[in-house]
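Participant: Sending over a structure as structure tokens; questions will come in a sec.
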Amino acid sequence: MNLEFKKSIAWMRENLFSSIPSSILTVATSFFVLGFFRGLFGFAMASDKDWLSVLNNMQLYMVQAYPEEDFIRVWISVGLALVFAGMSIGLWKSTEESSLSEVFSKFLRVSLAFLFFTVVAPTFSSVTDNDGIIQTEESFPMETRLQLLIPSAILVVVFFVLKNLKLNYKFNKSDLLCFYLAIPIVLMWIIKLPTIQLDSSNQRIFPDPLMPIADTTKTPWTIIFGLFLAFYFIGSRFKDSKNIKRTMSISWVLLPLFIFSWIFKKPEIDLPTILGQDIPIFIGIFLIGALTITFINNPVVEKYFSIYLGVLIAITGIALFISVPILLKSALLLLVLFTIVIPAVSSSTKGKRNLIIVWGVSLFTLSVLIRGGSSDTQIIVQQQSIFGGFSLTWLLAIFGTYVSFPLGVLLALGRNSKLPIVRLVCTGIIELTRSVPYITWLFFASVTMAVFLPEGVNFELVVRVLMVTAFFSGAYFAENIRGGLQSIPKGQYEAADAIGMSPFQKTSLIVMPQALRAIIPTLVSSAITAFKDSSLVTIIGLIDFLTIGKVIIGTQSIPVNFVGHDRENLLFIAFFYWIFTFTLSRRSMKVEKRLGLGER
Amino acid sequence: MSIIKTNDVKKWFGDFQALKGISMEVQEGEVLVICGPSGSGKSTFIRCINRLEQHQEGEIIVDGIELTNDLKNIEAIRSEVGMVFQSFNLFPHLTVLQNVTLAPIWVRKKSRSESEEKAMELLTRVGIPEQASKFPGQLSGGQQQRVAIARALAMEPKIMLFDEPTSALDPEMIKEVLDAMKELALSGMTMIVVTHEMGFAKEVADRVMLFDEGLMVEENTPTEFFDNPQNDRTKLFLSQIL
Ligand SMILES: Nc1ncnc2c1ncn2[C@@H]1O[C@H](COP(=O)(O)OP(=O)(O)OP(=O)(O)O)[C@@H](O)[C@H]1O
Ligand SMILES: [Mg+2]
């Protein structure tokens, strides 16, 4: 212990007090941090804060008006995501291990933090009374502090001792992660939380009684966690299979699309349309693609291939603007993309067979998603969209990134293209979208877009918002990616040319991977910005996560009066956003590190 | 029959004429060394042979195919001509093995396992099989250049072009690259090498050429070239370099 203590003193001397300016800086920063946390605690603990206004409105926060009888769909969505997570953690199971003493040192840090907060929490805090006058009250009396100090001090001592027993039992890090996740699940069955209860005259009963967490919350979570564990074990069984890993990565991309278009949306499916329209389109387009793949090396086909591709692009272009089923439009688009790729991949019989399978599966997935996405929903809500609260924020963030990222890649490539007309169009789109504020685009989506759409075509507001968002963040992505493209030395292009790669192969195998790697930090910060900016949709009447806390709960008076409690909610919202963006940027740092290997 | 034949090749960069009419022939299996002062058009000339630069006048015929704007011809020629650059130009995001297998898999459309087997053979040939799973950035310059040679060989080219393959290397690494090139020359590969390594030229070359100001001013066997130069500019060049 003595040695460790000396070590930490030495560390402090070296890093925090190495010189007079750095000592001053250390002291000043500590004061600032301390002051910040004290203020935060004083705010959170003051008796006029009603945290039940947050706790009691979780459902509203997550799915807003989504009807309760269809909640099973929400649970299925969450469950699917966690099952995927379990499977992935298993598949990419960490090979690192932590010893028991490392685990205890983690717990020690948590209990130290708890002790720290108990010590720094202010005794008095300011409260706004009914007349709007700010008063000081004793919000954290000494007894309470002592009551908390003693157990937390005991915890600190216990974990300190345990840690220094130097128990060297090793645990796999992924196994440990599952163990940590089990803690909140178990706690759910033990702890009791304050709940709002109303008396016979609909008045709130104070103090709020403690109640166990509702079965409708803890049972699904427990089942989901069980599935998570099961799939974690399944995943770790297959952790050496590259194919399953690849499938899993692609499934991750498709999962949100599937959840939004089929599970959350509850689409109205009519068999005649599927039989009479979807299946013929699928078979027709599939055959065209499969035939192209099969006969690509035939000299006649080879000779007329570029003409064929040109015609195909023209047909697709026309189809986009006339009224044909949306499935046909998107299937044609996919066909064009595939046809561009075919000459670069297939040639051997085996390669061709694989490509046909990939083509069939992609087209099928597309058809399924489009059918769900374009059908009417059976969920009835009293507003514009079945998405509200976090589900809306999530939808905007995910779809925004999904559509805008590939769009950004295309725009960036287009802006560097040798064909003047392509360059002009892409530059035009980028400059036009970037030079107008996002809010203006939102108004454009809600008010003016209908004018520009062909007769009879009408999209839901959410879809229109997604369209402008895709272009808006796509333009930013494009400029970032263009920066990345410029950082690729000329020698890379020449080397690719010299080994006979086609322009398409050069772009997709040499240039793009390097360009994207070089700009991961910028891309992540763009994605984070897009995630946070999604809260601007409140301005055109959509109800996102932020709007719920600030507007809805802040003015909620039925069944419980929460008027004026928007500050607690804002703090909660800030925390919630922070968790997501922080996780995202931490993950991206890891990815950067892993990919950085090639850079050295 | 000659495998490369150029006829009065001229090339301008804007107003500046970099090549002022180069006519030459290379026989199959021949090793040709090109030297000359900086800016004389050596790089420009060999880069014209695989169309990294485009010549404006004259003709270049490689293995019976004339280089024109026809993309098919360009692709055909590039898959028969390997090139090694002064600055290696390996793909930094791919491992050594991936660098070498890239072209066979994507351009020649061979199976992965076959390509990897071939790649390991080539890496063994240039003496670095143990580096296969590393990234280029983790290798020394000499090792990188040998990977670049293996990468070019993976396309099974008939002709190899080298543009000052050793001038970016530390002296102690030059030998290992030159050894790999010598071995290649002995195996009967047709090679055009731009280099200032006169030792290599004396030992390996079948013919040596001197470029100056966009013109080929002397062409000779190595012994004649070094011991009995005909042209004054060759004498001047040799006196500066030796
Ligand atoms: N892309 C280009 N644009 C304009 N001028 C160029 C370009 N590439 C080469 N040149 C010019 O053409 C001339 C010949 O260049 P080249 O690179 O072929 O010379 P070199 O003989 O290889 O010289 P070094 O030994 O320095 O490599 C030089 O004067 C150079 O400035
Ligand atoms: Mg040169």
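Just so we're on the same page: first chain in the structure tokens is A, next is B, and so on; residues restart at 1 for each chain, and ligands are numbered from 1 in the order they show up.
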Using only C-alpha atoms and all ligand atoms, find each protein or nucleic acid residue lying at most 10 Å from ligand 1; present the set as a count of residues only.

Facilitator: 36

Participant: Give me, as a ChimeraX atom specification, the contact residues of chain B against chain A at a cut-off of 7 Å, counting only C-alpha atoms.

Facilitator: /B:52,75,78-79,82-83,89,91-94,103,106-107,109,135,137-138,152

Participant: Would you pick out the contacts of region 412-424 of chain A at 12 Å or less, using only C-alpha atoms, so that residues sharing its chain but fewer than 3 positions from it are not included, and give the list as a PyMOL selection string?

Facilitator: chain A and resi 404-409+427-432+474-486+503-504+507-508+511-512+515-516

Participant: Using N, CA and C atoms, can you write the selected residues to a file as a tab-separated table (two decimals), in the first residue's frame?

Facilitator:
chain	number	residue	atom	x	y	z
A	404	SER	N	-27.36	9.73	-46.40
A	404	SER	CA	-26.48	10.84	-46.75
A	404	SER	C	-25.05	10.37	-46.95
A	405	PHE	N	-24.65	9.31	-46.28
A	405	PHE	CA	-23.26	8.89	-46.44
A	405	PHE	C	-22.95	8.39	-47.86
A	406	PRO	N	-23.73	7.41	-48.37
A	406	PRO	CA	-23.48	7.01	-49.76
A	406	PRO	C	-23.68	8.17	-50.73
A	407	LEU	N	-24.67	9.00	-50.43
A	407	LEU	CA	-24.88	10.16	-51.29
A	407	LEU	C	-23.65	11.05	-51.29
A	408	GLY	N	-23.09	11.23	-50.09
A	408	GLY	CA	-21.87	12.04	-49.97
A	408	GLY	C	-20.73	11.45	-50.78
A	409	VAL	N	-20.57	10.13	-50.72
A	409	VAL	CA	-19.51	9.48	-51.49
A	409	VAL	C	-19.72	9.75	-52.98
A	427	THR	N	-21.27	19.71	-58.07
A	427	THR	CA	-20.86	20.94	-57.41
A	427	THR	C	-22.09	21.79	-57.10
A	428	GLY	N	-23.00	21.85	-58.06
A	428	GLY	CA	-24.23	22.63	-57.87
A	428	GLY	C	-25.00	22.15	-56.66
A	429	ILE	N	-25.23	20.84	-56.59
A	429	ILE	CA	-26.00	20.29	-55.47
A	429	ILE	C	-25.32	20.61	-54.14
A	430	ILE	N	-23.99	20.37	-54.10
A	430	ILE	CA	-23.27	20.58	-52.85
A	430	ILE	C	-23.35	22.04	-52.42
A	431	GLU	N	-23.04	22.94	-53.36
A	431	GLU	CA	-23.01	24.35	-52.98
A	431	GLU	C	-24.39	24.87	-52.62
A	432	LEU	N	-25.39	24.41	-53.36
A	432	LEU	CA	-26.75	24.87	-53.08
A	432	LEU	C	-27.20	24.43	-51.70
A	474	GLY	N	-25.54	14.99	-46.63
A	474	GLY	CA	-24.79	14.42	-47.75
A	474	GLY	C	-23.80	15.42	-48.32
A	475	ALA	N	-24.21	16.68	-48.42
A	475	ALA	CA	-23.32	17.71	-48.96
A	475	ALA	C	-22.10	17.89	-48.06
A	476	TYR	N	-22.35	17.86	-46.73
A	476	TYR	CA	-21.22	18.01	-45.82
A	476	TYR	C	-20.29	16.80	-45.89
A	477	PHE	N	-20.92	15.59	-45.90
A	477	PHE	CA	-20.11	14.38	-46.05
A	477	PHE	C	-19.26	14.49	-47.32
A	478	ALA	N	-19.90	14.93	-48.40
A	478	ALA	CA	-19.20	14.99	-49.68
A	478	ALA	C	-17.95	15.85	-49.57
A	479	GLU	N	-18.07	17.01	-48.93
A	479	GLU	CA	-16.91	17.89	-48.83
A	479	GLU	C	-15.82	17.27	-47.97
A	480	ASN	N	-16.24	16.59	-46.88
A	480	ASN	CA	-15.24	15.89	-46.06
A	480	ASN	C	-14.53	14.83	-46.87
A	481	ILE	N	-15.32	14.04	-47.60
A	481	ILE	CA	-14.73	12.94	-48.36
A	481	ILE	C	-13.82	13.48	-49.45
A	482	ARG	N	-14.22	14.61	-50.04
A	482	ARG	CA	-13.37	15.19	-51.07
A	482	ARG	C	-12.00	15.58	-50.48
A	483	GLY	N	-12.05	16.11	-49.25
A	483	GLY	CA	-10.79	16.40	-48.57
A	483	GLY	C	-9.94	15.14	-48.44
A	484	GLY	N	-10.62	14.03	-48.06
A	484	GLY	CA	-9.91	12.76	-47.94
A	484	GLY	C	-9.33	12.32	-49.26
A	485	LEU	N	-10.10	12.50	-50.32
A	485	LEU	CA	-9.63	12.08	-51.65
A	485	LEU	C	-8.39	12.85	-52.06
A	486	GLN	N	-8.38	14.15	-51.69
A	486	GLN	CA	-7.22	14.94	-52.08
A	486	GLN	C	-5.97	14.55	-51.32
A	503	PRO	N	-11.06	1.74	-63.56
A	503	PRO	CA	-11.34	2.91	-62.74
A	503	PRO	C	-12.24	2.59	-61.54
A	504	PHE	N	-13.21	1.71	-61.77
A	504	PHE	CA	-14.12	1.36	-60.68
A	504	PHE	C	-13.38	0.64	-59.56
A	507	THR	N	-11.15	3.04	-57.62
A	507	THR	CA	-11.88	3.85	-56.66
A	507	THR	C	-12.30	3.05	-55.44
A	508	SER	N	-12.86	1.85	-55.68
A	508	SER	CA	-13.46	1.16	-54.54
A	508	SER	C	-12.44	0.37	-53.73
A	511	VAL	N	-8.65	3.89	-53.57
A	511	VAL	CA	-8.78	5.31	-53.22
A	511	VAL	C	-9.76	5.50	-52.06
A	512	MET	N	-10.99	4.97	-52.21
A	512	MET	CA	-12.01	5.21	-51.19
A	512	MET	C	-11.61	4.68	-49.81
A	515	ALA	N	-9.21	7.09	-48.39
A	515	ALA	CA	-9.79	8.41	-48.15
A	515	ALA	C	-10.68	8.37	-46.91
A	516	LEU	N	-11.52	7.33	-46.81
A	516	LEU	CA	-12.44	7.25	-45.68
A	516	LEU	C	-11.68	7.08	-44.38

Participant: Please provide the set of residues having any atom within 10 Å of Glu203 (chain B), restricted to only C-alpha atoms, with same-chain residues fewer than 6 positions apart removed, written as a tab-separated table (two decimals) with N, CA and C atoms, in the first residue's frame.

Facilitator:
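Result went into result01.tsv, see below:
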chain	number	residue	atom	x	y	z
B	182	LYS	N	18.58	-8.54	-60.30
B	182	LYS	CA	19.53	-9.37	-61.07
B	182	LYS	C	18.95	-10.76	-61.28
B	222	PRO	N	27.13	-2.37	-72.87
B	222	PRO	CA	27.70	-1.77	-71.66
B	222	PRO	C	29.21	-1.55	-71.77
B	223	THR	N	29.93	-2.53	-72.26
B	223	THR	CA	31.38	-2.36	-72.33
B	223	THR	C	31.74	-1.15	-73.19

Participant: Calculated over only C-alpha atoms, which of the candidates A:Met87, A:Tyr169, A:Val301, A:Thr555 has the smallest distance to Arg237 (chain A)?

Facilitator: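 Ranked by minimum distance to Arg237 (chain A), first place goes to A:Met87.
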
Participant: Find the residues near region 321-336 of chain A: any atom within 8 Å, counting only C-alpha atoms, skip ones fewer than 3 places away on the same chain, and give them as a list in words.

Facilitator: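 Answer for this query is Asp278, Ile281, Phe282, Ile285, Gly289, Leu309, Leu312, Ile313, Thr316, Gly317, Ile318, Thr339, Ile340, Leu363, Leu366, Ser367, Ile370, Arg371, Ser374 and Pro454 of chain A.
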
Participant: Using only C-alpha atoms, which protein or nucleic acid residues come within 9 Å of Ile241 (chain B)? Drop anything in the same chain fewer than 4 positions from it, and give the result as number ranges by chain.

Facilitator: B: 196, 198, 236-237

Participant: Limited to C-alpha atoms, could you put the picked residues into a file as a short mmCIF file (atom, residue, chain, number, x, y, z; two decimals), in the first residue's frame?

Facilitator:
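Final output, saved to part_19.cif:
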data_model
loop_
_atom_site.label_atom_id
_atom_site.label_comp_id
_atom_site.auth_asym_id
_atom_site.auth_seq_id
_atom_site.Cartn_x
_atom_site.Cartn_y
_atom_site.Cartn_z
CA HIS B 196 22.15 5.54 -62.00
CA MET B 198 26.35 1.90 -63.09
CA LEU B 236 30.45 14.38 -69.80
CA PHE B 237 27.71 12.38 -68.09
#
